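Novice: Have a look at this one.
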Amino acid sequence: MSDQFEIPETMRAWEVTTPGPIDGEKAPLKMVTKPVPKPQRGEVLVKVLTCGVCHTDLHVAEGDLPVHHEHVTPGHEIAGKVVGFGPETQRFELGERIGIPWFRHACGVCKFCRSGHENLCPHSVYTGWDHDGGYAEYVTVPEGFAYRIPEKFNDLEAAPLLCAGIIGYRAYERANVPAGGRLGLYGFGGSAHITAQIALAQGVEVHVFTRGADARKFALQLGCVSAKGAYDLSDVPLDSSIIFAPVGDIVLPALESLIPGGTLAMAGIHMSDVPTLNYQKHLFHEKTLTSVESNTRRDGEEFLTLADRLDIHPEVTEYPLENALDALKYVKRGDIKGACVLRVSK
């Protein structure tokens, strides 16, 4: 720790108490006062400036993803300032702004880690699920799993880049989008609207399918060619598609709308069951159906560099930390314009 920053003994934080519907009679989260965490070996202590509100946070709060850590504090799109150091840390300077993502740690020695697929590490752990996250005033992170944030992004814009942006980028890569091709995006929240900007900047024609009327309007404002309902078939054959909505039923119209040889990537960590597929209608003609699991650190570094170069800027709705429940309810409605971000401190 350093005398340059006065670190309090306690902080405000949200905790998942009893997972259940975010809009139910009893909220699954409550705000508490808890001790400021102590950074362990290889970790830094970060004062949280902003934290994005991701659909995964909703899955943790509602129990779709069983809580791995009792009374866990959600949040994994964190922009913050380094205010303290654990033993054996040297990567960041005191006061430096860094980003904390979903992917918190991997073992580094299993066959997946050694082959460049650390996102598949069976011993991986995640911020806001296995370990307390950013719906709090302070958080710790292993320094090797944090990112430097490009200067052009302010604290509110930076937060969604750290999961919505990185996961969207990996899904975009997994979807094998050809140069100048046609891309379908199913669901149009935080991740999809960033992915759309990447695709549009690279000359890809983007078609959006989502239930929210406001989200459809927003997609057209960004420059997408069309915006239809979530289950509608595309008016034109699509080269590639990405499903961001956690709804397995959408797989059928998405596959049906692909060209022969097209690819559909499913970007969610949680999805309802996929219905029975008709081989001739949905999979024949060498169509590819693939999932996306988390990301590697290389994905994160590549995406942040690309977002900086292409001047990608998330659309943000700001909420104070104490209004986290309202932000999660807005995300659940599925008609979000861009991303929601909690303002935790200045």
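Ordered as shown in the structure tokens, chains take letters A, B, and onward, while each chain numbers its residues from 1 and ligands are numbered from 1 in the order shown.
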For segment 201-210 of chain A, please output as a PyMOL selection string all residues within 10 Å (counting only C-alpha atoms; exclusion window: fewer than 4 positions along the same chain).
Specialist: chain A and resi 177-189+192-193+195-197+214-216+219-220+223-236+238-245+250+254+310-312+334-335
Novice: Got time to write the residues from that selection, N, CA and C atoms, as a compact mmCIF listing (two decimals), in the first residue's frame?
Specialist:
# COMPACT_ATOMS: atom_id res chain seq x y z
N VAL A 177 -16.45 -13.74 -40.52
CA VAL A 177 -17.10 -12.75 -41.37
C VAL A 177 -16.19 -12.41 -42.54
N PRO A 178 -16.65 -12.62 -43.78
CA PRO A 178 -15.78 -12.32 -44.92
C PRO A 178 -15.71 -10.82 -45.18
N ALA A 179 -14.65 -10.38 -45.82
CA ALA A 179 -14.50 -8.97 -46.19
C ALA A 179 -15.67 -8.54 -47.06
N GLY A 180 -16.33 -7.44 -46.68
CA GLY A 180 -17.45 -6.94 -47.46
C GLY A 180 -18.69 -7.81 -47.39
N GLY A 181 -18.73 -8.74 -46.44
CA GLY A 181 -19.86 -9.66 -46.36
C GLY A 181 -21.04 -9.11 -45.61
N ARG A 182 -22.00 -10.01 -45.38
CA ARG A 182 -23.22 -9.66 -44.65
C ARG A 182 -23.23 -10.37 -43.30
N LEU A 183 -23.43 -9.60 -42.25
CA LEU A 183 -23.41 -10.12 -40.88
C LEU A 183 -24.77 -9.90 -40.22
N GLY A 184 -25.30 -10.96 -39.61
CA GLY A 184 -26.52 -10.84 -38.81
C GLY A 184 -26.18 -10.79 -37.33
N LEU A 185 -26.81 -9.90 -36.59
CA LEU A 185 -26.64 -9.80 -35.14
C LEU A 185 -28.00 -10.00 -34.47
N TYR A 186 -28.08 -11.00 -33.61
CA TYR A 186 -29.33 -11.34 -32.93
C TYR A 186 -29.24 -10.89 -31.48
N GLY A 187 -30.11 -9.94 -31.11
CA GLY A 187 -29.98 -9.22 -29.86
C GLY A 187 -29.11 -7.99 -30.12
N PHE A 188 -29.48 -6.86 -29.50
CA PHE A 188 -28.71 -5.64 -29.81
C PHE A 188 -28.53 -4.80 -28.55
N GLY A 189 -27.78 -5.37 -27.60
CA GLY A 189 -27.44 -4.67 -26.38
C GLY A 189 -26.01 -4.19 -26.39
N ALA A 192 -23.49 -6.32 -28.81
CA ALA A 192 -23.82 -6.26 -30.23
C ALA A 192 -23.60 -4.88 -30.82
N HIS A 193 -23.90 -3.83 -30.06
CA HIS A 193 -23.76 -2.48 -30.66
C HIS A 193 -22.29 -2.11 -30.84
N THR A 195 -19.91 -4.54 -31.50
CA THR A 195 -19.54 -5.41 -32.61
C THR A 195 -20.01 -4.83 -33.94
N ALA A 196 -21.22 -4.26 -33.94
CA ALA A 196 -21.74 -3.64 -35.15
C ALA A 196 -20.83 -2.51 -35.62
N GLN A 197 -20.32 -1.72 -34.69
CA GLN A 197 -19.43 -0.62 -35.06
C GLN A 197 -18.14 -1.13 -35.69
N ASP A 214 -36.90 0.12 -29.63
CA ASP A 214 -35.90 1.18 -29.49
C ASP A 214 -34.53 0.69 -29.94
N ALA A 215 -34.21 -0.58 -29.63
CA ALA A 215 -32.93 -1.13 -30.05
C ALA A 215 -32.85 -1.21 -31.57
N ARG A 216 -33.96 -1.52 -32.23
CA ARG A 216 -33.97 -1.57 -33.70
C ARG A 216 -33.72 -0.17 -34.28
N ALA A 219 -30.08 0.63 -33.93
CA ALA A 219 -29.26 -0.08 -34.90
C ALA A 219 -29.24 0.65 -36.24
N LEU A 220 -30.38 1.12 -36.66
CA LEU A 220 -30.45 1.85 -37.93
C LEU A 220 -29.70 3.17 -37.84
N GLY A 223 -26.10 2.81 -38.52
CA GLY A 223 -25.73 2.52 -39.91
C GLY A 223 -26.01 1.11 -40.37
N CYS A 224 -26.66 0.30 -39.52
CA CYS A 224 -27.03 -1.05 -39.94
C CYS A 224 -28.06 -0.96 -41.06
N VAL A 225 -28.01 -1.93 -41.99
CA VAL A 225 -28.85 -1.86 -43.19
C VAL A 225 -30.31 -2.16 -42.87
N SER A 226 -30.55 -3.10 -41.95
CA SER A 226 -31.92 -3.45 -41.60
C SER A 226 -31.99 -3.83 -40.14
N ALA A 227 -33.20 -3.78 -39.60
CA ALA A 227 -33.44 -4.17 -38.20
C ALA A 227 -34.84 -4.77 -38.12
N LYS A 228 -34.91 -6.06 -37.79
CA LYS A 228 -36.18 -6.79 -37.77
C LYS A 228 -36.37 -7.45 -36.41
N GLY A 229 -37.49 -8.18 -36.28
CA GLY A 229 -37.76 -8.89 -35.05
C GLY A 229 -36.79 -10.03 -34.83
N ALA A 230 -36.70 -10.47 -33.58
CA ALA A 230 -35.69 -11.47 -33.21
C ALA A 230 -35.84 -12.79 -33.95
N TYR A 231 -37.07 -13.18 -34.31
CA TYR A 231 -37.31 -14.47 -34.94
C TYR A 231 -37.56 -14.37 -36.44
N ASP A 232 -37.45 -13.17 -36.99
CA ASP A 232 -37.69 -12.98 -38.41
C ASP A 232 -36.56 -13.59 -39.23
N LEU A 233 -36.92 -14.11 -40.40
CA LEU A 233 -35.92 -14.54 -41.36
C LEU A 233 -35.33 -13.33 -42.06
N SER A 234 -34.07 -13.42 -42.43
CA SER A 234 -33.43 -12.32 -43.11
C SER A 234 -33.97 -12.18 -44.54
N ASP A 235 -34.07 -10.94 -44.99
CA ASP A 235 -34.51 -10.70 -46.37
C ASP A 235 -33.42 -11.01 -47.38
N VAL A 236 -32.18 -11.06 -46.90
CA VAL A 236 -31.05 -11.38 -47.77
C VAL A 236 -30.25 -12.50 -47.11
N LEU A 238 -27.28 -14.35 -45.39
CA LEU A 238 -26.21 -13.82 -44.54
C LEU A 238 -24.99 -14.73 -44.60
N ASP A 239 -23.82 -14.13 -44.66
CA ASP A 239 -22.57 -14.90 -44.66
C ASP A 239 -22.25 -15.43 -43.26
N SER A 240 -22.52 -14.61 -42.25
CA SER A 240 -22.18 -14.95 -40.87
C SER A 240 -23.22 -14.32 -39.95
N SER A 241 -23.37 -14.91 -38.77
CA SER A 241 -24.27 -14.34 -37.77
C SER A 241 -23.73 -14.61 -36.38
N ILE A 242 -24.13 -13.75 -35.44
CA ILE A 242 -23.78 -13.91 -34.03
C ILE A 242 -25.05 -13.76 -33.21
N ILE A 243 -25.28 -14.70 -32.32
CA ILE A 243 -26.41 -14.60 -31.39
C ILE A 243 -25.90 -14.10 -30.05
N PHE A 244 -26.35 -12.91 -29.66
CA PHE A 244 -26.03 -12.37 -28.34
C PHE A 244 -27.16 -12.61 -27.35
N ALA A 245 -28.39 -12.73 -27.84
CA ALA A 245 -29.53 -12.98 -26.97
C ALA A 245 -29.43 -14.39 -26.39
N ILE A 250 -33.72 -18.91 -31.14
CA ILE A 250 -33.28 -18.06 -32.24
C ILE A 250 -32.30 -18.78 -33.15
N ALA A 254 -31.80 -18.22 -37.37
CA ALA A 254 -30.46 -17.73 -37.68
C ALA A 254 -29.73 -18.67 -38.64
N LEU A 310 -10.01 2.22 -34.75
CA LEU A 310 -11.25 2.44 -35.50
C LEU A 310 -12.14 3.50 -34.85
N ASP A 311 -11.73 4.02 -33.70
CA ASP A 311 -12.48 5.06 -32.98
C ASP A 311 -13.88 4.57 -32.61
N ILE A 312 -13.92 3.38 -32.01
CA ILE A 312 -15.18 2.79 -31.56
C ILE A 312 -15.59 3.42 -30.23
N GLY A 334 -34.48 -5.88 -22.33
CA GLY A 334 -34.04 -6.25 -23.66
C GLY A 334 -34.27 -5.20 -24.72
N ASP A 335 -34.50 -3.96 -24.33
CA ASP A 335 -34.69 -2.89 -25.31
C ASP A 335 -33.76 -1.74 -24.96
Novice: With only C-alpha atoms counted and 12 Å as the cut-off, give the residues of segment 245-326 of chain A in contact with segment 155-166 of chain A, each with its shortest interatomic distance in Å and the pair that gives it, as a tab-separated table.
Specialist:
residue	atom	partner	partner_atom	distance
A:Ala267	CA	A:Ala164	CA	10.1
A:Gly268	CA	A:Ala164	CA	10.6
A:Ile269	CA	A:Cys163	CA	11.9
A:Val292	CA	A:Ile166	CA	11.5
A:Glu293	CA	A:Ile166	CA	11.5
A:Ser294	CA	A:Ile166	CA	8.8
A:Asn295	CA	A:Ile166	CA	7.2
A:Thr296	CA	A:Ile166	CA	9.2
A:Arg297	CA	A:Ile166	CA	9.4
A:Arg298	CA	A:Ile166	CA	10.0
A:Asp299	CA	A:Ile166	CA	6.6
A:Gly300	CA	A:Ile166	CA	5.5
A:Glu301	CA	A:Ile166	CA	8.7
A:Glu302	CA	A:Ile166	CA	8.7
A:Phe303	CA	A:Ile166	CA	6.0
A:Leu304	CA	A:Leu161	CA	7.5
A:Thr305	CA	A:Ile166	CA	10.9
A:Leu306	CA	A:Ile166	CA	10.5
A:Ala307	CA	A:Leu161	CA	8.5
A:Asp308	CA	A:Leu161	CA	10.7
A:Asp311	CA	A:Glu157	CA	11.5
A:Ile312	CA	A:Leu161	CA	9.3
A:His313	CA	A:Glu157	CA	6.5
A:Pro314	CA	A:Glu157	CA	5.7
A:Glu315	CA	A:Glu157	CA	7.5
A:Val316	CA	A:Glu157	CA	6.8
A:Thr317	CA	A:Leu156	CA	8.9
A:Glu318	CA	A:Leu156	CA	7.6
A:Tyr319	CA	A:Leu156	CA	10.3
A:Pro320	CA	A:Leu156	CA	11.6
Novice: Just the helix (DSSP H, G or I) stuff from segment 62-267 of chain A, please, per backbone DSSP, written as JSON, numbers by chain.
Specialist: {"A": [62, 111, 112, 113, 114, 118, 119, 120, 143, 144, 145, 155, 156, 157, 158, 159, 160, 161, 162, 163, 164, 165, 166, 167, 168, 169, 170, 171, 172, 173, 174, 190, 191, 192, 193, 194, 195, 196, 197, 198, 199, 200, 201, 213, 214, 215, 216, 217, 218, 219, 220, 221, 222, 248, 249, 250, 251, 252, 253, 254, 255, 256]}
Novice: Restricting the calculation to only C-alpha atoms: of A:Ser291, A:Thr17, A:Asn176, A:Gln40, which residue gets closest to His270 of chain A?
Specialist: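 Among the listed residues, A:Ser291 lies closest to His270 of chain A.
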Novice: Between A:Gly133, A:Gly80, A:Ala339, A:Thr140, single out the one closest to Asn154 of chain A, counting only C-alpha atoms.
Specialist: A:Gly80
Novice: Kindly indicate which residue among A:Val48, A:Gly95, A:His282, A:Gly261 lies nearest to Lys346 of chain A, using only C-alpha atoms for the distances.
Specialist: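 Looking only at the distances to Lys346 of chain A, the closest residue turns out to be A:Val48.
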Novice: Hey, what does DSSP flag as strand (DSSP E or B) within segment 7-240 of chain A? Can you give it to me as a short mmCIF file (atom, residue, chain, number, x, y, z; two decimals) with N, CA and C atoms, in the first residue's frame?
Specialist:
data_model
loop_
_atom_site.label_atom_id
_atom_site.label_comp_id
_atom_site.auth_asym_id
_atom_site.auth_seq_id
_atom_site.Cartn_x
_atom_site.Cartn_y
_atom_site.Cartn_z
N THR A 10 -13.39 0.24 5.14
CA THR A 10 -14.61 -0.37 4.62
C THR A 10 -15.06 0.33 3.34
N MET A 11 -15.97 -0.30 2.64
CA MET A 11 -16.48 0.25 1.38
C MET A 11 -17.93 -0.18 1.18
N ARG A 12 -18.60 0.51 0.27
CA ARG A 12 -19.94 0.10 -0.16
C ARG A 12 -19.81 -0.95 -1.26
N ALA A 13 -20.68 -1.93 -1.24
CA ALA A 13 -20.65 -2.97 -2.28
C ALA A 13 -22.00 -3.65 -2.34
N TRP A 14 -22.34 -4.13 -3.52
CA TRP A 14 -23.52 -4.97 -3.70
C TRP A 14 -23.13 -6.43 -3.55
N GLU A 15 -24.04 -7.23 -2.99
CA GLU A 15 -23.83 -8.67 -2.87
C GLU A 15 -25.06 -9.41 -3.38
N VAL A 16 -24.83 -10.57 -4.01
CA VAL A 16 -25.92 -11.47 -4.36
C VAL A 16 -26.30 -12.23 -3.10
N LEU A 29 -30.14 -8.93 -4.86
CA LEU A 29 -28.93 -8.22 -4.44
C LEU A 29 -29.27 -7.23 -3.34
N LYS A 30 -28.30 -6.97 -2.50
CA LYS A 30 -28.45 -5.88 -1.51
C LYS A 30 -27.12 -5.17 -1.37
N MET A 31 -27.20 -3.87 -1.01
CA MET A 31 -25.99 -3.11 -0.78
C MET A 31 -25.57 -3.25 0.68
N VAL A 32 -24.26 -3.49 0.89
CA VAL A 32 -23.73 -3.71 2.23
C VAL A 32 -22.48 -2.86 2.41
N THR A 33 -22.01 -2.81 3.63
CA THR A 33 -20.70 -2.25 3.95
C THR A 33 -19.79 -3.42 4.30
N LYS A 34 -18.66 -3.52 3.62
CA LYS A 34 -17.76 -4.65 3.84
C LYS A 34 -16.31 -4.15 3.82
N PRO A 35 -15.37 -4.95 4.32
CA PRO A 35 -13.97 -4.51 4.33
C PRO A 35 -13.42 -4.32 2.92
N GLU A 43 -1.16 -9.29 -7.13
CA GLU A 43 -2.39 -8.53 -7.34
C GLU A 43 -2.19 -7.05 -7.03
N VAL A 44 -3.04 -6.23 -7.66
CA VAL A 44 -3.09 -4.81 -7.33
C VAL A 44 -4.47 -4.47 -6.79
N LEU A 45 -4.53 -3.45 -5.94
CA LEU A 45 -5.80 -2.93 -5.43
C LEU A 45 -6.22 -1.78 -6.33
N VAL A 46 -7.50 -1.80 -6.73
CA VAL A 46 -8.01 -0.81 -7.68
C VAL A 46 -9.20 -0.07 -7.07
N LYS A 47 -9.16 1.23 -7.14
CA LYS A 47 -10.34 2.04 -6.80
C LYS A 47 -11.23 2.09 -8.03
N VAL A 48 -12.45 1.61 -7.90
CA VAL A 48 -13.35 1.50 -9.05
C VAL A 48 -13.89 2.88 -9.42
N LEU A 49 -13.73 3.24 -10.68
CA LEU A 49 -14.30 4.48 -11.22
C LEU A 49 -15.66 4.22 -11.84
N THR A 50 -15.71 3.22 -12.72
CA THR A 50 -16.96 2.82 -13.36
C THR A 50 -17.00 1.31 -13.50
N CYS A 51 -18.21 0.77 -13.62
CA CYS A 51 -18.37 -0.67 -13.86
C CYS A 51 -19.57 -0.88 -14.77
N GLY A 52 -19.35 -1.53 -15.88
CA GLY A 52 -20.44 -1.83 -16.80
C GLY A 52 -21.39 -2.86 -16.22
N VAL A 53 -22.63 -2.81 -16.69
CA VAL A 53 -23.67 -3.75 -16.26
C VAL A 53 -23.92 -4.71 -17.41
N ILE A 78 -14.73 -3.26 -15.50
CA ILE A 78 -14.30 -2.31 -14.48
C ILE A 78 -13.19 -1.41 -15.00
N ALA A 79 -13.41 -0.12 -14.93
CA ALA A 79 -12.35 0.86 -15.15
C ALA A 79 -12.01 1.46 -13.81
N GLY A 80 -10.72 1.44 -13.45
CA GLY A 80 -10.35 1.93 -12.13
C GLY A 80 -8.92 2.42 -12.09
N LYS A 81 -8.52 2.85 -10.91
CA LYS A 81 -7.21 3.44 -10.68
C LYS A 81 -6.45 2.59 -9.68
N VAL A 82 -5.20 2.27 -10.00
CA VAL A 82 -4.36 1.47 -9.11
C VAL A 82 -4.00 2.30 -7.87
N VAL A 83 -4.36 1.77 -6.69
CA VAL A 83 -4.10 2.50 -5.45
C VAL A 83 -3.30 1.69 -4.44
N GLY A 84 -2.99 0.44 -4.76
CA GLY A 84 -2.21 -0.37 -3.83
C GLY A 84 -1.66 -1.61 -4.51
N PHE A 85 -0.64 -2.22 -3.88
CA PHE A 85 0.05 -3.35 -4.48
C PHE A 85 0.20 -4.49 -3.48
N ARG A 97 -4.57 4.20 -14.63
CA ARG A 97 -5.91 3.69 -14.93
C ARG A 97 -5.81 2.37 -15.67
N ILE A 98 -6.50 1.36 -15.18
CA ILE A 98 -6.48 0.05 -15.82
C ILE A 98 -7.90 -0.51 -15.93
N GLY A 99 -8.04 -1.55 -16.75
CA GLY A 99 -9.32 -2.20 -16.93
C GLY A 99 -9.30 -3.63 -16.39
N ILE A 100 -10.36 -4.01 -15.72
CA ILE A 100 -10.49 -5.35 -15.16
C ILE A 100 -11.63 -6.06 -15.89
N PHE A 103 -12.48 -12.35 -17.41
CA PHE A 103 -11.48 -13.41 -17.29
C PHE A 103 -10.41 -13.00 -16.28
N ARG A 104 -10.44 -13.61 -15.09
CA ARG A 104 -9.59 -13.17 -13.98
C ARG A 104 -8.29 -13.96 -13.86
N HIS A 105 -8.33 -15.25 -14.18
CA HIS A 105 -7.11 -16.05 -13.98
C HIS A 105 -7.25 -17.40 -14.67
N VAL A 125 -10.90 -18.75 -13.50
CA VAL A 125 -11.81 -18.09 -12.56
C VAL A 125 -12.21 -16.74 -13.15
N TYR A 126 -13.35 -16.21 -12.67
CA TYR A 126 -13.96 -15.06 -13.31
C TYR A 126 -14.39 -13.99 -12.31
N THR A 127 -14.14 -12.76 -12.70
CA THR A 127 -14.50 -11.61 -11.88
C THR A 127 -16.02 -11.49 -11.79
N HIS A 131 -15.05 -14.49 -7.94
CA HIS A 131 -14.35 -13.52 -7.09
C HIS A 131 -15.13 -12.21 -7.14
N ALA A 136 -18.74 -2.27 -6.50
CA ALA A 136 -18.12 -1.95 -5.21
C ALA A 136 -17.12 -0.82 -5.43
N TYR A 138 -13.95 -0.75 -4.25
CA TYR A 138 -12.58 -1.24 -4.44
C TYR A 138 -12.64 -2.71 -4.86
N VAL A 139 -11.62 -3.13 -5.61
CA VAL A 139 -11.53 -4.51 -6.07
C VAL A 139 -10.06 -4.84 -6.30
N THR A 140 -9.72 -6.11 -6.23
CA THR A 140 -8.37 -6.54 -6.56
C THR A 140 -8.37 -7.30 -7.87
N VAL A 141 -7.18 -7.38 -8.51
CA VAL A 141 -7.05 -8.12 -9.76
C VAL A 141 -5.60 -8.59 -9.90
N PRO A 142 -5.38 -9.82 -10.38
CA PRO A 142 -4.02 -10.23 -10.75
C PRO A 142 -3.50 -9.31 -11.86
N TYR A 147 -5.84 -4.79 -18.08
CA TYR A 147 -5.49 -4.14 -19.34
C TYR A 147 -5.19 -2.66 -19.12
N ARG A 148 -4.30 -2.13 -19.91
CA ARG A 148 -4.16 -0.68 -20.02
C ARG A 148 -5.26 -0.18 -20.96
N ARG A 182 -22.00 -10.01 -45.38
CA ARG A 182 -23.22 -9.66 -44.65
C ARG A 182 -23.23 -10.37 -43.30
N LEU A 183 -23.43 -9.60 -42.25
CA LEU A 183 -23.41 -10.12 -40.88
C LEU A 183 -24.77 -9.90 -40.22
N GLY A 184 -25.30 -10.96 -39.61
CA GLY A 184 -26.52 -10.84 -38.81
C GLY A 184 -26.18 -10.79 -37.33
N LEU A 185 -26.81 -9.90 -36.59
CA LEU A 185 -26.64 -9.80 -35.14
C LEU A 185 -28.00 -10.00 -34.47
N TYR A 186 -28.08 -11.00 -33.61
CA TYR A 186 -29.33 -11.34 -32.93
C TYR A 186 -29.24 -10.89 -31.48
N GLU A 205 -21.70 -5.34 -44.19
CA GLU A 205 -23.12 -4.98 -44.18
C GLU A 205 -23.78 -5.68 -42.99
N VAL A 206 -24.40 -4.92 -42.09
CA VAL A 206 -24.93 -5.47 -40.84
C VAL A 206 -26.45 -5.45 -40.83
N HIS A 207 -27.03 -6.60 -40.45
CA HIS A 207 -28.47 -6.75 -40.31
C HIS A 207 -28.77 -7.19 -38.88
N VAL A 208 -29.72 -6.51 -38.23
CA VAL A 208 -30.01 -6.73 -36.81
C VAL A 208 -31.37 -7.37 -36.63
N PHE A 209 -31.43 -8.30 -35.66
CA PHE A 209 -32.67 -8.99 -35.32
C PHE A 209 -32.82 -8.94 -33.80
N SER A 226 -30.55 -3.10 -41.95
CA SER A 226 -31.92 -3.45 -41.60
C SER A 226 -31.99 -3.83 -40.14
N ALA A 227 -33.20 -3.78 -39.60
CA ALA A 227 -33.44 -4.17 -38.20
C ALA A 227 -34.84 -4.77 -38.12
N LYS A 228 -34.91 -6.06 -37.79
CA LYS A 228 -36.18 -6.79 -37.77
C LYS A 228 -36.37 -7.45 -36.41
N LEU A 238 -27.28 -14.35 -45.39
CA LEU A 238 -26.21 -13.82 -44.54
C LEU A 238 -24.99 -14.73 -44.60
N ASP A 239 -23.82 -14.13 -44.66
CA ASP A 239 -22.57 -14.90 -44.66
C ASP A 239 -22.25 -15.43 -43.26
N SER A 240 -22.52 -14.61 -42.25
CA SER A 240 -22.18 -14.95 -40.87
C SER A 240 -23.22 -14.32 -39.95
#
Novice: Extract, using only C-alpha atoms, all DNA, RNA and protein residues at most 9 Å from Cys107 of chain A, discarding same-chain residues fewer than 6 positions from it, and format them as a PyMOL selection string.
Specialist: chain A and resi 113+118+121-124
